[in-house]
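Here is the file entry-v9.tsv (TSV, C-alpha atoms and all ligand atoms).
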chain	number	residue	atom	x	y	z
N	1	MET	CA	143.69	109.46	92.75
N	2	ILE	CA	140.16	110.00	91.48
N	3	ASN	CA	137.70	110.91	94.25
N	4	LYS	CA	134.96	108.44	93.35
N	5	LYS	CA	132.49	109.73	95.94
N	6	LYS	CA	132.78	113.27	94.62
N	7	LEU	CA	132.43	112.10	91.03
N	8	TRP	CA	129.30	110.13	91.90
N	9	ARG	CA	127.82	113.07	93.76
N	10	THR	CA	128.36	115.35	90.80
N	11	ALA	CA	126.75	112.82	88.44
N	12	ASN	CA	123.80	112.46	90.80
N	13	ASP	CA	123.42	116.26	91.06
N	14	HIS	CA	123.28	116.45	87.26
N	15	ASN	CA	120.68	113.74	87.23
N	16	ILE	CA	118.55	115.66	89.77
N	17	GLU	CA	118.92	118.89	87.78
N	18	ASP	CA	117.85	117.15	84.56
N	19	ARG	CA	114.81	115.66	86.25
N	20	VAL	CA	113.84	118.98	87.80
N	21	LYS	CA	114.04	120.58	84.37
N	22	LYS	CA	111.87	117.89	82.82
N	23	ILE	CA	109.31	117.99	85.65
N	24	LYS	CA	108.95	121.74	85.24
N	25	GLU	CA	107.81	121.26	81.66
N	26	GLU	CA	104.53	119.84	83.03
N	27	PRO	CA	102.28	121.28	85.78
N	28	VAL	CA	103.83	120.66	89.20
N	29	PRO	CA	101.72	120.16	92.34
N	30	GLU	CA	101.13	123.63	93.76
N	31	HIS	CA	100.76	122.42	97.34
N	32	ILE	CA	102.64	119.39	98.68
N	33	ALA	CA	101.87	118.12	102.18
N	34	ILE	CA	104.13	115.61	103.91
N	35	ILE	CA	103.63	113.32	106.90
N	36	MET	CA	107.26	112.88	107.91
N	37	ASP	CA	107.19	109.46	109.54
N	38	GLY	CA	109.76	106.86	110.53
N	39	ASN	CA	112.31	108.89	112.47
N	40	GLY	CA	112.12	106.52	115.43
N	41	ARG	CA	112.52	103.41	113.27
N	42	TRP	CA	115.43	104.98	111.43
N	43	ALA	CA	117.17	105.50	114.78
N	44	LYS	CA	116.26	102.07	116.12
N	45	LYS	CA	117.82	100.36	113.09
N	46	ARG	CA	121.07	102.09	113.98
N	47	ALA	CA	120.81	101.43	117.72
N	48	LEU	CA	120.48	105.21	118.28
N	49	PRO	CA	118.05	107.04	120.56
N	50	ARG	CA	114.79	108.12	118.90
N	51	ILE	CA	115.78	111.78	119.12
N	52	ALA	CA	118.73	111.08	116.82
N	53	GLY	CA	116.14	110.11	114.20
N	54	HIS	CA	114.27	113.39	114.68
N	55	HIS	CA	117.52	115.32	114.37
N	56	GLU	CA	118.37	113.54	111.13
N	57	GLY	CA	114.79	114.19	109.99
N	58	MET	CA	115.40	117.90	110.45
N	59	LYS	CA	118.23	117.71	107.89
N	60	THR	CA	115.80	116.10	105.43
N	61	VAL	CA	113.44	119.05	105.95
N	62	LYS	CA	116.18	121.38	104.75
N	63	LYS	CA	117.02	119.28	101.68
N	64	ILE	CA	113.42	118.81	100.63
N	65	THR	CA	112.49	122.48	101.18
N	66	LYS	CA	115.29	123.54	98.86
N	67	LEU	CA	114.26	121.10	96.17
N	68	VAL	CA	110.56	121.89	96.39
N	69	ASN	CA	111.41	125.58	96.06
N	70	LYS	CA	113.47	124.81	92.97
N	71	LEU	CA	110.50	122.99	91.45
N	72	GLY	CA	108.35	126.09	91.80
N	73	VAL	CA	105.91	124.55	94.27
N	74	LYS	CA	103.85	127.24	96.01
N	75	VAL	CA	103.20	125.61	99.40
N	76	LEU	CA	104.96	122.88	101.38
N	77	THR	CA	103.11	121.79	104.52
N	78	LEU	CA	105.05	119.60	106.94
N	79	TYR	CA	103.46	117.65	109.79
N	80	ALA	CA	106.04	118.40	112.47
N	81	PHE	CA	104.03	117.73	115.65
N	82	SER	CA	100.48	116.47	116.08
N	83	THR	CA	98.05	117.14	118.90
N	84	GLU	CA	98.51	113.45	119.77
N	85	ASN	CA	102.33	113.66	119.99
N	86	TRP	CA	102.10	115.04	123.55
N	87	LYS	CA	101.58	111.39	124.62
N	88	ARG	CA	105.28	110.68	123.92
N	89	PRO	CA	107.93	110.65	126.66
N	90	LYS	CA	108.64	114.09	128.07
N	91	HIS	CA	112.25	114.25	126.86
N	92	GLU	CA	111.19	113.36	123.30
N	93	VAL	CA	108.50	116.05	123.31
N	94	GLU	CA	111.02	118.58	124.63
N	95	PHE	CA	113.48	117.61	121.93
N	96	LEU	CA	110.86	117.92	119.19
N	97	MET	CA	109.92	121.36	120.50
N	98	LYS	CA	113.54	122.47	120.23
N	99	LEU	CA	113.89	121.43	116.60
N	100	PRO	CA	112.11	124.40	114.99
N	101	GLU	CA	114.50	126.71	116.86
N	102	GLU	CA	117.55	124.77	115.79
N	103	PHE	CA	116.31	124.50	112.22
N	104	LEU	CA	115.42	128.19	111.91
N	105	GLY	CA	118.56	129.24	113.80
N	106	MET	CA	120.69	127.59	111.13
N	107	PHE	CA	118.55	128.00	108.07
N	108	LEU	CA	116.56	131.24	108.40
N	109	PRO	CA	119.07	133.46	106.51
N	110	GLU	CA	119.00	130.99	103.62
N	111	LEU	CA	115.19	130.87	103.68
N	112	ILE	CA	115.07	134.66	103.54
N	113	GLU	CA	117.53	134.69	100.65
N	114	GLU	CA	115.56	132.05	98.78
N	115	ASN	CA	112.33	134.07	99.10
N	116	VAL	CA	110.65	131.41	101.29
N	117	ARG	CA	107.82	132.50	103.58
N	118	VAL	CA	107.52	130.62	106.88
N	119	GLN	CA	104.07	129.99	108.32
N	120	MET	CA	102.59	127.67	110.89
N	121	MET	CA	99.23	126.10	111.66
N	122	GLY	CA	98.28	124.53	114.95
N	123	GLU	CA	96.97	125.29	118.42
N	124	ARG	CA	99.45	127.83	119.76
N	125	SER	CA	98.44	127.98	123.42
N	126	GLN	CA	100.21	124.69	124.39
N	127	ILE	CA	103.38	125.29	122.39
N	128	PRO	CA	106.36	126.32	124.58
N	129	LYS	CA	107.25	129.99	124.41
N	130	HIS	CA	110.76	129.40	123.08
N	131	THR	CA	109.39	127.34	120.17
N	132	LEU	CA	106.67	129.81	119.34
N	133	ASN	CA	109.09	132.75	119.54
N	134	ALA	CA	111.43	131.12	117.02
N	135	VAL	CA	108.63	130.34	114.60
N	136	GLU	CA	107.00	133.76	114.97
N	137	LYS	CA	110.34	135.49	114.44
N	138	ALA	CA	110.81	133.51	111.23
N	139	MET	CA	107.25	134.30	110.14
N	140	GLU	CA	107.85	137.98	110.72
N	141	GLN	CA	111.22	138.08	108.99
N	142	THR	CA	109.91	136.23	105.95
N	143	SER	CA	106.51	137.93	105.78
N	144	GLY	CA	107.58	140.03	102.80
N	145	ASN	CA	108.68	137.01	100.78
N	146	ASP	CA	106.40	135.81	98.03
N	147	GLY	CA	108.04	132.53	97.05
N	148	LEU	CA	107.43	129.09	98.53
N	149	ILE	CA	105.26	129.04	101.68
N	150	LEU	CA	106.86	126.66	104.18
N	151	ASN	CA	103.95	125.82	106.44
N	152	PHE	CA	104.76	123.93	109.65
N	153	ALA	CA	101.90	121.96	111.19
N	154	LEU	CA	102.84	122.26	114.83
N	155	ASN	CA	100.51	120.98	117.54
N	156	TYR	CA	98.08	120.40	114.71
N	157	GLY	CA	95.09	118.06	114.72
N	158	SER	CA	92.49	118.07	112.00
N	159	ARG	CA	89.47	117.04	114.10
N	160	ALA	CA	90.16	119.82	116.61
N	161	GLU	CA	90.59	122.25	113.71
N	162	ILE	CA	87.20	121.27	112.23
N	163	LEU	CA	85.48	121.42	115.62
N	164	THR	CA	86.84	124.91	116.29
N	165	ALA	CA	85.66	126.00	112.84
N	166	VAL	CA	82.16	124.68	113.55
N	167	LYS	CA	82.02	126.49	116.92
N	168	ASN	CA	83.19	129.75	115.35
N	169	ILE	CA	80.65	129.44	112.55
N	170	ILE	CA	77.83	128.86	115.05
N	171	SER	CA	78.93	131.89	117.00
N	172	ASP	CA	79.20	134.04	113.83
N	173	VAL	CA	75.72	132.94	112.69
N	174	LYS	CA	74.29	133.74	116.14
N	175	ASN	CA	75.93	137.16	116.09
N	176	GLY	CA	74.70	137.92	112.58
N	177	ILE	CA	78.23	138.04	111.13
N	178	ILE	CA	77.38	135.41	108.53
N	179	LEU	CA	74.07	134.02	107.30
N	180	GLU	CA	73.42	130.30	107.66
N	181	GLU	CA	72.14	130.09	104.08
N	182	ASN	CA	75.47	131.44	102.82
N	183	LEU	CA	77.46	128.65	104.46
N	184	ASP	CA	79.00	126.55	101.72
N	185	GLU	CA	82.28	124.62	101.31
N	186	GLU	CA	84.18	127.72	100.34
N	187	LEU	CA	83.01	129.70	103.35
N	188	PHE	CA	83.60	126.74	105.67
N	189	SER	CA	87.20	126.48	104.38
N	190	ARG	CA	87.80	130.05	105.47
N	191	TYR	CA	87.25	129.01	109.11
N	192	LEU	CA	90.05	126.45	108.94
N	193	MET	CA	93.72	127.04	109.76
N	194	THR	CA	94.45	126.84	106.04
N	195	GLU	CA	92.07	129.70	105.22
N	196	HIS	CA	94.66	131.45	103.05
N	197	LEU	CA	96.05	128.28	101.42
N	198	GLN	CA	94.85	126.14	98.58
N	199	ASP	CA	94.18	122.43	99.26
N	200	PRO	CA	97.17	120.09	98.84
N	201	ASP	CA	97.54	118.51	95.40
N	202	LEU	CA	99.93	115.83	96.63
N	203	LEU	CA	100.25	114.14	100.01
N	204	ILE	CA	103.37	112.13	100.79
N	205	ARG	CA	103.72	109.84	103.79
N	206	THR	CA	106.98	108.09	104.51
N	207	SER	CA	107.85	104.93	106.48
N	208	GLY	CA	105.26	102.52	105.06
N	209	GLU	CA	102.28	103.61	107.16
N	210	ILE	CA	99.13	104.02	105.08
N	211	ARG	CA	96.95	106.35	107.15
N	212	LEU	CA	96.23	110.03	107.64
N	213	SER	CA	96.74	110.31	111.41
N	214	ASN	CA	94.38	113.26	111.85
N	215	PHE	CA	96.11	115.33	109.16
N	216	MET	CA	94.17	117.83	106.99
N	217	LEU	CA	91.05	115.65	106.76
N	218	TRP	CA	88.95	118.33	105.07
N	219	GLN	CA	91.70	119.67	102.83
N	220	LEU	CA	92.80	116.27	101.45
N	221	ALA	CA	89.41	115.43	99.91
N	222	TYR	CA	90.76	115.41	96.33
N	223	THR	CA	94.49	115.16	96.98
N	224	GLU	CA	96.66	112.54	95.29
N	225	PHE	CA	98.36	110.26	97.83
N	226	TRP	CA	101.86	108.84	97.51
N	227	PHE	CA	103.27	106.42	100.08
N	228	THR	CA	106.79	105.12	100.41
N	229	ASP	CA	108.45	102.60	102.74
N	230	THR	CA	111.45	104.91	103.10
N	231	ASN	CA	111.84	106.43	106.57
N	232	TRP	CA	111.86	110.23	106.65
N	233	PRO	CA	115.59	110.64	107.50
N	234	ASP	CA	116.40	108.48	104.43
N	235	PHE	CA	114.03	110.42	102.17
N	236	LYS	CA	116.21	111.99	99.48
N	237	GLU	CA	115.71	114.37	96.55
N	238	ASP	CA	115.30	111.31	94.38
N	239	HIS	CA	112.23	110.17	96.36
N	240	LEU	CA	110.57	113.58	96.18
N	241	LEU	CA	111.10	113.71	92.42
N	242	GLU	CA	109.71	110.18	92.11
N	243	ALA	CA	106.56	111.28	93.96
N	244	VAL	CA	106.12	114.35	91.74
N	245	GLU	CA	106.71	112.31	88.59
N	246	ALA	CA	104.07	109.81	89.75
N	247	PHE	CA	101.70	112.74	90.43
N	248	GLN	CA	102.21	114.01	86.90
N	249	ARG	CA	101.21	110.64	85.45
N	250	ARG	CA	97.90	110.61	87.35
N	251	SER	CA	94.63	111.71	85.86
N	252	ARG	CA	92.74	113.96	88.29
N	253	ARG	CA	89.02	114.02	87.63
N	254	PHE	CA	87.63	115.54	90.83
N	255	GLY	CA	84.61	113.28	90.50
N	256	GLY	CA	84.04	114.19	86.86
N	257	LEU	CA	85.19	112.55	83.64
N	258	SER	CA	88.59	113.09	82.03
N	301	LIG	C1	107.20	110.82	113.18
N	301	LIG	O1	108.18	109.84	113.28
N	301	LIG	C2	107.82	112.13	113.26
N	301	LIG	C3	107.52	113.09	114.15
N	301	LIG	C4	106.46	112.95	115.16
N	301	LIG	C5	108.27	114.35	114.19
N	301	LIG	C6	108.64	114.88	112.85
N	301	LIG	C7	109.65	115.93	113.02
N	301	LIG	C8	110.72	116.08	112.20
N	301	LIG	C9	110.96	115.28	111.00
N	301	LIG	C10	111.67	117.15	112.44
N	301	LIG	C11	110.98	118.45	112.23
N	301	LIG	C12	111.88	119.51	111.93
N	301	LIG	C13	111.52	120.78	111.99
N	301	LIG	C14	112.38	121.76	111.37
N	301	LIG	C15	110.31	121.25	112.67
N	301	LIG	P1	108.10	108.82	114.50
N	301	LIG	O2	108.86	109.38	115.61
N	301	LIG	O3	106.66	108.52	114.79
N	301	LIG	O4	108.81	107.56	113.88
N	301	LIG	P2	108.44	106.05	114.20
N	301	LIG	O5	107.02	105.84	113.73
N	301	LIG	O6	109.43	105.29	113.40
N	301	LIG	O7	108.58	105.86	115.68

structure tokens encoding of this file:
Amino acid sequence: MINKKKLWRTANDHNIEDRVKKIKEEPVPEHIAIIMDGNGRWAKKRALPRIAGHHEGMKTVKKITKLVNKLGVKVLTLYAFSTENWKRPKHEVEFLMKLPEEFLGMFLPELIEENVRVQMMGERSQIPKHTLNAVEKAMEQTSGNDGLILNFALNYGSRAEILTAVKNIISDVKNGIILEENLDEELFSRYLMTEHLQDPDLLIRTSGEIRLSNFMLWQLAYTEFWFTDTNWPDFKEDHLLEAVEAFQRRSRRFGGLS
């Protein structure tokens, strides 16, 4: 008997491959940032606990990282935990803080093999030791890789990031490390957690919410936004390609004329 599911999957894989090939003929976004939203609603729809949605969301992270790497994107920044997420129930926070370990425990060898470099941005002091250890181990073991940068935003909040930058700049001006008259956008950017990264070209937010939720407020000034109603655990390769194809149809003027 013909295995219809397998046949369909193979046809779909071909379709994805063809689209990837076509996309790569045009410039691809060099930095994609994603607000991975809708895990809780995904779970609720299935009468599952919220953490089941986060766990399923982790599998999407793997799928999308692989695809983005295939596309030749340079940086993928994922909003994994915000400075506001501490307000959630304790068991949910604890579960979320275990996910990087589980993800890297399963996937790190593959990331190393695929030349991916793991990084993180966020306030480290509140992150549990076990979470930080897992991420730092991955950062260390992938530090020699020069392919896709997989940048986890973990305990990240953009307003806090900007405020810290301002305080550090004031202190550096006072101490004569930098001159006030030299402070421009480029120098300011170097005080942010993304100092070594270019600004995102494309921001994706899933689950139908149309807001930034304290994510990369400075860095997203000229980024193209793409929103979808799809919840993050349901976000498939097809959706990512749709977002990139939409990006390629846009005309970016950066305030100038095309
Ligand atoms: C928002 O959905 C999602 C989060 C706060 C957590 C995102 C984390 C993951 C997708 C897993 C991360 C995996 C790794 C490897 C770090 P929500 O809970 O706010 O959903 P809701 O709005 O439907 O309630």

(request) Select the residues contacting ligand LIG 301 (chain N) at a distance of at most 8 Å, based on only C-alpha atoms and all ligand atoms, then format the selection as a ChimeraX atom specification. (result) /N:35-43,50,53-62,78-82,85,96-97,99-104,152,154,207,231-233

Dump of C-alpha atoms for the selected residues, as a JSON list (two decimals), keeping the file's coordinate frame:
[["chain", "number", "residue", "atom", "x", "y", "z"],
["N", 35, "ILE", "CA", 103.63, 113.32, 106.90],
["N", 36, "MET", "CA", 107.26, 112.88, 107.91],
["N", 37, "ASP", "CA", 107.19, 109.46, 109.54],
["N", 38, "GLY", "CA", 109.76, 106.86, 110.53],
["N", 39, "ASN", "CA", 112.31, 108.89, 112.47],
["N", 40, "GLY", "CA", 112.12, 106.52, 115.43],
["N", 41, "ARG", "CA", 112.52, 103.41, 113.27],
["N", 42, "TRP", "CA", 115.43, 104.98, 111.43],
["N", 43, "ALA", "CA", 117.17, 105.50, 114.78],
["N", 50, "ARG", "CA", 114.79, 108.12, 118.90],
["N", 53, "GLY", "CA", 116.14, 110.11, 114.20],
["N", 54, "HIS", "CA", 114.27, 113.39, 114.68],
["N", 55, "HIS", "CA", 117.52, 115.32, 114.37],
["N", 56, "GLU", "CA", 118.37, 113.54, 111.13],
["N", 57, "GLY", "CA", 114.79, 114.19, 109.99],
["N", 58, "MET", "CA", 115.40, 117.90, 110.45],
["N", 59, "LYS", "CA", 118.23, 117.71, 107.89],
["N", 60, "THR", "CA", 115.80, 116.10, 105.43],
["N", 61, "VAL", "CA", 113.44, 119.05, 105.95],
["N", 62, "LYS", "CA", 116.18, 121.38, 104.75],
["N", 78, "LEU", "CA", 105.05, 119.60, 106.94],
["N", 79, "TYR", "CA", 103.46, 117.65, 109.79],
["N", 80, "ALA", "CA", 106.04, 118.40, 112.47],
["N", 81, "PHE", "CA", 104.03, 117.73, 115.65],
["N", 82, "SER", "CA", 100.48, 116.47, 116.08],
["N", 85, "ASN", "CA", 102.33, 113.66, 119.99],
["N", 96, "LEU", "CA", 110.86, 117.92, 119.19],
["N", 97, "MET", "CA", 109.92, 121.36, 120.50],
["N", 99, "LEU", "CA", 113.89, 121.43, 116.60],
["N", 100, "PRO", "CA", 112.11, 124.40, 114.99],
["N", 101, "GLU", "CA", 114.50, 126.71, 116.86],
["N", 102, "GLU", "CA", 117.55, 124.77, 115.79],
["N", 103, "PHE", "CA", 116.31, 124.50, 112.22],
["N", 104, "LEU", "CA", 115.42, 128.19, 111.91],
["N", 152, "PHE", "CA", 104.76, 123.93, 109.65],
["N", 154, "LEU", "CA", 102.84, 122.26, 114.83],
["N", 207, "SER", "CA", 107.85, 104.93, 106.48],
["N", 231, "ASN", "CA", 111.84, 106.43, 106.57],
["N", 232, "TRP", "CA", 111.86, 110.23, 106.65],
["N", 233, "PRO", "CA", 115.59, 110.64, 107.50]]

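Once range 159-175 of chain N and its same-chain neighbours fewer than 5 positions away are set aside, Ser82, Thr83, Glu84, Met121, Gly122, Glu123, Ala153, Glu180, Glu181, Asn182, Leu183, Asp184, Leu187, Phe188, Ser189, Arg190, Tyr191, Leu192, Met193, Thr194, Glu195, Leu212, Ser213, Asn214, Phe215, Met216, Leu217, Trp218 and Gln219 of chain N remain within 12 Å of it when counting only C-alpha atoms.
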
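Restricting the calculation to only C-alpha atoms, the smallest distance between Ile204 in chain N and any of N:Phe95, N:Tyr156, N:Phe254, N:Phe247 is found for N:Phe247.
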
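Picture a line from CA of Pro128 in chain N to CA of Gln141 in chain N; it runs 20.1 Å.
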
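Nearest-residue note for Lys74 in chain N: choosing from N:Met120, N:Ala47, N:Ile32, N:Leu148, the minimum distance belongs to N:Leu148, counting all atoms listed in the file.
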
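Between Glu114 in chain N and the candidates N:Lys24, N:Lys137, N:Lys66, N:His91, the tightest atom-to-atom separation, counting only C-alpha atoms, involves N:Lys66.
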
(request) Go through N:Arg124, N:His14, N:Arg205, N:Lys63 and flag the residue nearest Thr228 in chain N, using all atoms listed in the file for the distances. (result) N:Arg205
